[in-house]
Structure formats: structure tokens, C-alpha cells
Amino acid sequence: MSASLAPECNEVKERYDTCFLKWYSEKYLRGNGKTDDNECASMFKEYQKCLQVALKDRKIDKLLDEAREDSKDYDTIHLKRK
Amino acid sequence: MVLTHTTNHSYTHPFPTVTLAFFLRYYSPQLNPFSAHVLSTDTIDSHVDPETGRLHTTRIHLKKSRMPSAIIKLLPASVTGGAGEKSSYVLENSIVDIKEGWMKTESRNLNFTGVLSVTESQHYSATPPDQADSSNLSSAVARPMSANTWVSTTFSYRSSLGSRKTDKAAANEENSRGRFGWISGWGAKRIQSSIESIASNKTDDQIIKSRDGMKMVLERLRSNGVVAVLRELNRREGKSVFEA
């Protein structure tokens, strides 16, 4: 089982991952995946509650913001050259 | 400058199984021995677009540094963070369209970007590249699922070491102006392209390993299916799964 970057989130992450893989293989891949009413939504919320704190503590939220900025810059340059 | 490197490959497995293997490829070293360098995997976003039915997923992987030692040797410890800091965060975005039979993925490093940005883009498809155009026209019509999946992988390498933007970012970040001063005065472009080409030369090896890893996951899925595979992995770890 793959770990979370935050060990304190491992348990909620595992519950979500298991749910997601089951939903993905048994429903989504068979064309029955729906948006918000999927059975993993509440587990995802619990997992994110834990993970978002960890991302902030480790300053990964800043890295994510930079990555979004950077890909905007990159797209601008890329499109200009075209 | 940006250096790119594209390869094509096909898996002898149907498209849905390949997408599942993509999500499972870092799940456990027992499932994929080539994933031992992946320390953690987290999902930060996962939603189905209500209009298109496409699944959008964003994950963060923490990997033991794949930056070639040749590059690390080129750089002072103030840039690499010293010998201790050898893990890098990778942001992975993916979109699956199960109806049209394609998946697009993009992975990029989140740290060390002042030295080197590596982006891996993949396009998986249930139709071979030469039939892609005609299949788009008939995508609304259900067609039999192909036994194979085609994938095109493009790596792009961009070093902005010593560039003004990087210097500014570094100065803001570390409050130590001139952190890259050692390089900006002379041959910054030359160093940048050496870094890009060293990294690019390591790609073939990396592509083969990640392909082999996917194949091992695919074989397990072919013989057992996902629920059985997960149950077996968890049983070995002494946990129960899918039980009430």
C-alpha cells in the first residue's frame, strides 16, 4: 500500500484509495461513473482534511502555486512563439 | 531552450486495464518492483466532469531524486540543498475519457525547478495513431474495444539556471541575492544546455523501467483483476480490505 507524504494521513488515505480503485474499476471503466454522488466522496473529504494541513506544514502548497504560475508563463511563451 | 524526446509504444492490454495500471503503478513495490523509489503518493483532486464524463485526477508523488548525479556534481550544495535533500515532489495531472478511449497525463517536478524542469506528457489511446483521425469522427458510435493500447510519451527538459527569473525567485525564497551569481556571469546558456542534455540522456533507461513496471502491474491485473490483486497485497501486509 502506497504511503501518504504525511504518515498521520495514511489511514484515511488508504480507505479512500481502496474505495477509489474499486469505484474506478467496477463503475467508471464500465461507463457508470457519476460525479458527486460517488461512494468515495466522504472518504475523500476526510483524507483532504488531513492532507491539506500537511501540505501547508511542508510548504508544498507554495510549490503548487508556483507550478501553476510557471505553467501559465510557459504557455504564454509557447503560444507567442507559435 | 527546451529539449524534447518522444517515444511510442503499445501495450498488449485493453485501454481500460492500462488506465487502471497507471493509477496502480506506484501502489506497492510488491506489485511493481520498479516503484521502490516512490516514497509516497497522494491524491489532491479527483472529479468527473459532469459535461464530458472525463475523470480529472491530480496527484503528488514523492520520489527519491531522479536527478542524475552528473548534474548534482555540476552544482554547488547551495543549489541542490546538499547531499541530504534527495527527494523531489512530482505533480501528476491526468484526464481519462472512457467513452472516447483516451487518457492524457502530465507529470512535472515541483522542486529543483530553478535547476531543471522535467515534464513527462503521455497520450494513451485505444486506437492506433494512424487511425486516430477517422476514429474521432466516429467517436459517438460505439466500437469494439481494441485488445491493444497505444501510448506516446514526450519528455521535455528546460533548465533556467542563472536566468533572471530564477535569480529573482531564489532571492525571494531564500532572501540571499546572488545565490546563482556563480553561474550567471559566464556561459549560463552552455550550462543550461549541458544540464538538459545530461538529463535527456538518462531518459531511455527511465522509460524502459517505467514501461516494465506498467507491464508487471498489467500482468497481475490480467490474471487476477483489481479486487483480487488488492486483497492479496493487503493480506500480505496483514490487513483486510473490502470487508464490511
# chains A, B, ... in the order shown; residues from 1 in each chain; ligands from 1
$ residues_around --residues "B:Ile44" --least-positions-apart "5" --cutoff "8 Å" --atoms "only C-alpha atoms" --output "short mmCIF file (atom, residue, chain, number, x, y, z; two decimals) with N, CA and C atoms, in the first residue's frame"
data_model
loop_
_atom_site.label_atom_id
_atom_site.label_comp_id
_atom_site.auth_asym_id
_atom_site.auth_seq_id
_atom_site.Cartn_x
_atom_site.Cartn_y
_atom_site.Cartn_z
N GLN A 48 -8.68 14.74 2.60
CA GLN A 48 -8.21 16.08 2.27
C GLN A 48 -8.07 16.95 3.52
N THR B 57 -7.78 13.84 -12.48
CA THR B 57 -7.11 13.47 -11.23
C THR B 57 -5.79 14.22 -11.10
N THR B 58 -5.52 14.72 -9.90
CA THR B 58 -4.21 15.34 -9.63
C THR B 58 -3.58 14.64 -8.44
N ARG B 59 -2.36 14.19 -8.61
CA ARG B 59 -1.67 13.50 -7.52
C ARG B 59 -0.28 14.11 -7.30
N ILE B 60 0.22 13.95 -6.09
CA ILE B 60 1.59 14.36 -5.78
C ILE B 60 2.36 13.12 -5.36
#
$ residues_around --residues "B:Val90" --least-positions-apart "5" --cutoff "6 Å" --atoms "only C-alpha atoms" --output "PyMOL selection string"
chain B and resi 60-61+108-110
$ closest_atom_pairs --of "chain A" --to "chain B" --cutoff "10 Å" --atoms "only C-alpha atoms" --output "CSV"
residue,atom,partner,partner_atom,distance
A:Met1,CA,B:Ser28,CA,5.2
A:Ser2,CA,B:Tyr27,CA,4.7
A:Ala3,CA,B:Ser40,CA,4.8
A:Ser4,CA,B:Ser40,CA,5.1
A:Leu5,CA,B:Ser40,CA,5.2
A:Ala6,CA,B:Ser40,CA,8.6
A:Pro7,CA,B:Ser40,CA,9.5
A:Cys9,CA,B:Asp42,CA,9.7
A:Asn10,CA,B:Asp42,CA,9.6
A:Lys13,CA,B:Asp42,CA,7.7
A:Glu14,CA,B:Val241,CA,9.8
A:Arg15,CA,B:Val241,CA,8.9
A:Tyr16,CA,B:Thr43,CA,9.4
A:Asp17,CA,B:Thr43,CA,8.6
A:Thr18,CA,B:Val241,CA,7.7
A:Cys19,CA,B:Phe242,CA,8.5
A:Phe20,CA,B:Ser46,CA,9.5
A:Leu21,CA,B:Val226,CA,7.8
A:Lys22,CA,B:Val227,CA,7.0
A:Tyr24,CA,B:Leu20,CA,7.7
A:Ser25,CA,B:Leu20,CA,7.0
A:Glu26,CA,B:Val226,CA,9.2
A:Tyr28,CA,B:Ile98,CA,7.8
A:Leu29,CA,B:Pro16,CA,6.2
A:Arg30,CA,B:Ile98,CA,8.3
A:Gly31,CA,B:Ile98,CA,7.1
A:Asn32,CA,B:Gly53,CA,9.7
A:Gly33,CA,B:Val48,CA,7.7
A:Lys34,CA,B:Val48,CA,6.9
A:Thr35,CA,B:Val48,CA,5.0
A:Asp36,CA,B:His47,CA,7.8
A:Asn38,CA,B:His47,CA,9.9
A:Ala41,CA,B:Ser46,CA,9.5
A:Phe44,CA,B:Ser46,CA,8.8
A:Tyr47,CA,B:Thr43,CA,9.0
A:Gln48,CA,B:Ile44,CA,7.1
A:Leu51,CA,B:Ile44,CA,8.1
A:Gln52,CA,B:Ile44,CA,8.4
A:Leu55,CA,B:Ile44,CA,9.9
A:Ile60,CA,B:Leu110,CA,8.5
A:Lys62,CA,B:Leu110,CA,9.8
A:Leu63,CA,B:Leu110,CA,6.0
A:Leu64,CA,B:Leu110,CA,7.1
A:Asp65,CA,B:Leu110,CA,9.9
A:Glu66,CA,B:Leu110,CA,8.3
A:Ala67,CA,B:Leu110,CA,6.6
A:Asp70,CA,B:Thr113,CA,9.7
$ residues_around --residues "B:Phe155" --least-positions-apart "2" --cutoff "9 Å" --atoms "only C-alpha atoms" --output "list in words"
Leu3, Thr4, His5, Thr6, Thr7, Val118, Thr119, Glu120, Ser121, Gln122, Thr153, Tyr157, Ser200 and Thr203 of chain B
$ select_by_dssp --residues "stretch 34-102 of chain B" --states "strand (DSSP E)" --output "ChimeraX atom specification"
/B:38-48,55-64,87-97,102
$ atom_distance --atom1 "atom CA of B:Ile95" --atom2 "atom CA of B:Val217"
20.0 Å
$ atom_distance --atom1 "atom CA of B:Leu221" --atom2 "atom CA of B:His13"
9.9 Å
$ atom_distance --atom1 "atom CA of B:Asn224" --atom2 "atom CA of B:Pro14"
14.9 Å
$ select_by_dssp --residues "stretch 23-140 of chain B" --states "helix (DSSP H, G or I)" --output "ChimeraX atom specification"
/B:23-24,33-35,69-74,77-80,129-137
$ closest_residue --among "A:Ala54, A:Lys59, A:Glu69, A:Trp23" --to "A:Glu39" --atoms "only C-alpha atoms"
A:Trp23
